[in-house]
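Asks: Just dropping this structure here.
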Number of protein chains: 2
Amino acid sequence: MPTREQLLDAALRTLNDDPTASLAQIAEAAGVGRATLHRHVASRDDLVRELGDRSLDRWEETQRASGLAEAVADGGDEAVRACLREMFPRLVADAEDYGFALTDSFLVSEPRLAARTADLEAGEVALWRAAQAAGVVRGDVPARWCMHAAYGLLVASRDALRAGDVARRDLADLVLTTLLTGIAGEPTSTTTTPKGGAR
Amino acid sequence: MPTREQLLDAALRTLNDDPTASLAQIAEAAGVGRATLHRHVASRDDLVRELGDRSLDRWEETQRASGLAEAVADGGDEAVRACLREMFPRLVADAEDYGFALTDSFLVSEPRLAARTADLEAGEVALWRAAQAAGVVRGDVPARWCMHAAYGLLVASRDALRAGDVARRDLADLVLTTLLTGIAGEPTSTTTTPKGGAR
DNA sequence: CTCATATGAGACATCAATGTCTCATATGGA
DNA sequence: TCCATATGAGACATTGATGTCTCATATGAG
């Protein structure tokens with residue numbers, strides 16, 4: 001007798017694994033009859049909509065818990081860096097848990113979800129602008145490119161994790177380091193807390 | 001009276017725009033009857049398979065034209081850098097033209113396409129290993145992470161282009177610079193040809 | 001124990017996409 | 001002109017997913 005939350009969790013896991021899974025597969029994975037599934041969600045679109053909302057809730061919570069708004073308001077380089085350090089481990093986890101939402105096309109065709117997405121993207125862009133103003137990020141790249149690049153590396157992190165190419169505990173650092181300093185030279189330690197105090 | 005190639009091109013454009021487009025939509029976009037479409041491809045799976053093969057052909061050609069194998073065999077840092085400079089503009093164009101292949105799940109479920117993909121990925125990984133050996137890329141990141149990161153930034157480039165956030169002519173440089181030196185510090189000019197001779 | 005409620009199994013109709021088929025027409029060459 | 005071939009339009013059956021419904025059963029509260 002799974003609760004509604006457990007049922008949605010099972011659906012999420014199934015859709016992460018195979019975004020084209022049928023409702024029958026989802027119900028089976030949840031250990032529940034197909035009719036029972038329909039007693040909780042009216043239709044497949046309803047289900048996907050709800051999971052999409054949960055994924056955006058999660059993203060919103062990540063922005064909140066990372067102090068994104070405060071970092072933008074503060075504007076200091078250390079505040080921005082601290083926000084990034086807080087945010088990326090969460091984003092990487094979000095990308096793993098809600099992987100299907102990273103690419104599902106239904107989510108962008110749903111106006112309300114698209115609008116929420118745009119709002120949250122605007123928050124990210126604001127952070128990148130602040131990062132540029134604080135000198136944490138170069139000023140000669142479009143702030144929206146920073147957002148797209150971060151998103152792309154989250155897709156990469158999900159794929160790397162699935163392929164078993166990177167250990168989970170290394171992933172968040174790897175993503176943020178790659179984004180900020182690339183894979184070429186030495187990392188200029190923006191992601192790990194400075195040991196000596198090289199602030 | 002579109003030729004087979006033109007028809008597949010139209011199908012590709014349509015599927016890039018909407019990966020869930022029906023055969024009726026594809027036929028309409030090609031300016032052709034649904035029956036005529038079926039005279040060229042036996043089934044939807046056939047069509048997607050063929051487009052998947054074309055996308056892999058394109059990737060293969062990109063590796064060849066960029067001299068990937070030669071760069072790996074050479075192993076020198078300048079050879080590797082030259083290969084990267086050749087390859088990324090092509091990859092960015094490939095990602096734009098075959099965008100749907102970047103994420104379509106059917107392509108990985110098709111064993112032959114999955115095998116070809118694995119082969120081509122192995123080529124990329126070989127290049128990243130060579131880049132590490134030549135000191136072009138840090139040695140402390142998994143070579144396969146370099147591959148995933150490159151892929152993720154190609155997804156980002158496609159999205160940025162669609163959203164109109166980056167000019168097409170800037171995109172390849174932006175992707176390669178971001179991958180190699182990140183968005184934080186000054187770019188250490190691995191992507192643009194050195195002016196003075198600062199090899 | 002008794003009853004109300006939720007569930008599982010499955011029947012059922014619906015729907016959209018798909019693949020096949022036919023036929024009238026157009027096109028292009030002999 | 002005459003003929004062969006390719007096409008467009010559309011009818012048709014099939015298929016798989018979907019959404020609704022019923023009924024027997026289990027479970028839990030009273």
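By order in the structure tokens, chains are A, B, ...; within a chain, residues start at 1; ligands start at 1, following the order shown.
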Leaving out DC23 (chain D) and any residue of its chain fewer than 4 positions from it, which residues lie within 12 Å of it when counting only C-alpha atoms (C1' of nucleotides), given as number ranges by chain?

Replies: C: 7-11

Asks: Next, dump the selected residues to file, keeping only C-alpha atoms (C1' of nucleotides), as an mmCIF file, in the first residue's frame.

Replies:
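Writing done, so here's selection.cif:
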```
data_model
loop_
_atom_site.group_PDB
_atom_site.id
_atom_site.type_symbol
_atom_site.label_atom_id
_atom_site.label_comp_id
_atom_site.auth_asym_id
_atom_site.auth_seq_id
_atom_site.Cartn_x
_atom_site.Cartn_y
_atom_site.Cartn_z
ATOM 1 C "C1'" DT C 7 -7.070 -2.504 -3.960
ATOM 2 C "C1'" DG C 8 -5.945 -5.931 -7.816
ATOM 3 C "C1'" DA C 9 -7.277 -8.158 -11.761
ATOM 4 C "C1'" DG C 10 -9.149 -7.753 -15.760
ATOM 5 C "C1'" DA C 11 -12.687 -6.574 -19.271
#
```

Asks: So which residues touch region 13-30 of chain C within 12 Å, counting only C-alpha atoms (C1' of nucleotides), skipping near sequence neighbours fewer than 3 positions away, as a ChimeraX atom specification?

Replies: /B:1,20-25,34-35,37-39,41-45 /D:1-21

Asks: If the cut-off is 6 Å, can you tell me the residues of chain A near chain B, counting only C-alpha atoms? I'd like them as a ChimeraX atom specification.

Replies: /A:136-138,148-149,152-153,155-156,179-184

Asks: Residues of chain B that approach chain D to 8 Å or less, counting only C-alpha atoms (C1' of nucleotides): could you list each one with the shortest pair of atoms and its distance in Å to one decimal, rows by chain and increasing residue number, as a Markdown table?

Replies:
```
| residue | atom | partner | partner_atom | distance |
| --- | --- | --- | --- | --- |
| B:Val32 | CA | D:DG8 | C1' | 7.9 |
| B:Gly33 | CA | D:DG8 | C1' | 5.8 |
| B:Thr36 | CA | D:DT7 | C1' | 6.9 |
```

Asks: Give me, as a PyMOL selection string, all polymer residues having an atom no more than 12 Å from Gly123 (chain B), counting only C-alpha atoms (C1' of nucleotides) and skipping those fewer than 2 positions away in the same chain.

Replies: chain B and resi 59-60+62-64+66-73+116-121+125-130+143-144+147

Asks: Mind dumping the selected residues with C-alpha atoms as a tab-separated table (two decimals), in the first residue's frame?

Replies:
```tsv
chain	number	residue	atom	x	y	z
B	59	TRP	CA	30.70	12.23	-36.39
B	60	GLU	CA	33.07	9.70	-37.90
B	62	THR	CA	34.44	14.85	-38.23
B	63	GLN	CA	36.98	12.71	-36.41
B	64	ARG	CA	38.64	11.84	-39.71
B	66	SER	CA	40.09	16.64	-37.80
B	67	GLY	CA	42.96	14.19	-37.97
B	68	LEU	CA	42.06	12.61	-34.66
B	69	ALA	CA	43.92	9.36	-35.29
B	70	GLU	CA	47.01	11.21	-36.47
B	71	ALA	CA	46.97	13.51	-33.47
B	72	VAL	CA	46.73	10.54	-31.13
B	73	ALA	CA	49.58	8.81	-32.97
B	116	ARG	CA	29.12	2.41	-33.28
B	117	THR	CA	28.64	5.10	-30.66
B	118	ALA	CA	30.92	3.26	-28.28
B	119	ASP	CA	33.58	3.03	-30.98
B	120	LEU	CA	33.45	6.73	-31.70
B	121	GLU	CA	33.46	7.55	-28.01
B	125	VAL	CA	38.66	9.19	-25.12
B	126	ALA	CA	41.89	8.28	-26.89
B	127	LEU	CA	42.28	11.90	-27.90
B	128	TRP	CA	41.70	13.10	-24.35
B	129	ARG	CA	44.25	10.61	-23.06
B	130	ALA	CA	46.73	11.91	-25.59
B	143	ALA	CA	39.63	10.90	-19.56
B	144	ARG	CA	36.08	9.71	-19.90
B	147	MET	CA	34.44	13.13	-23.16
```

Asks: Using CA of Leu12 (chain B) and CA of Phe100 (chain B) as the two end points, give the distance in Å to one decimal.

Replies: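 Result for CA of Leu12 (chain B) versus CA of Phe100 (chain B): 8.1 Å, one decimal.
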
Asks: Pick out the closest residue to chain C from this set: A:Gly31, A:Gly76, A:Gly52, A:Pro89. Count only C-alpha atoms (C1' of nucleotides).

Replies: A:Gly31

Asks: Looking only at the backbone, which of the residues in region 38-158 of chain B does DSSP tag as alpha helix (DSSP H), as a VMD selection string?

Replies: chain B and resid 38 to 40 44 to 65 68 to 74 77 to 97 99 to 103 106 to 109 111 to 133 143 to 158

Asks: What is the distance, in Å and to one decimal place, between CA of Ala29 (chain B) and CA of Ala10 (chain B)?

Replies: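 We find that CA of Ala29 (chain B) and CA of Ala10 (chain B) lie 6.5 Å from each other.
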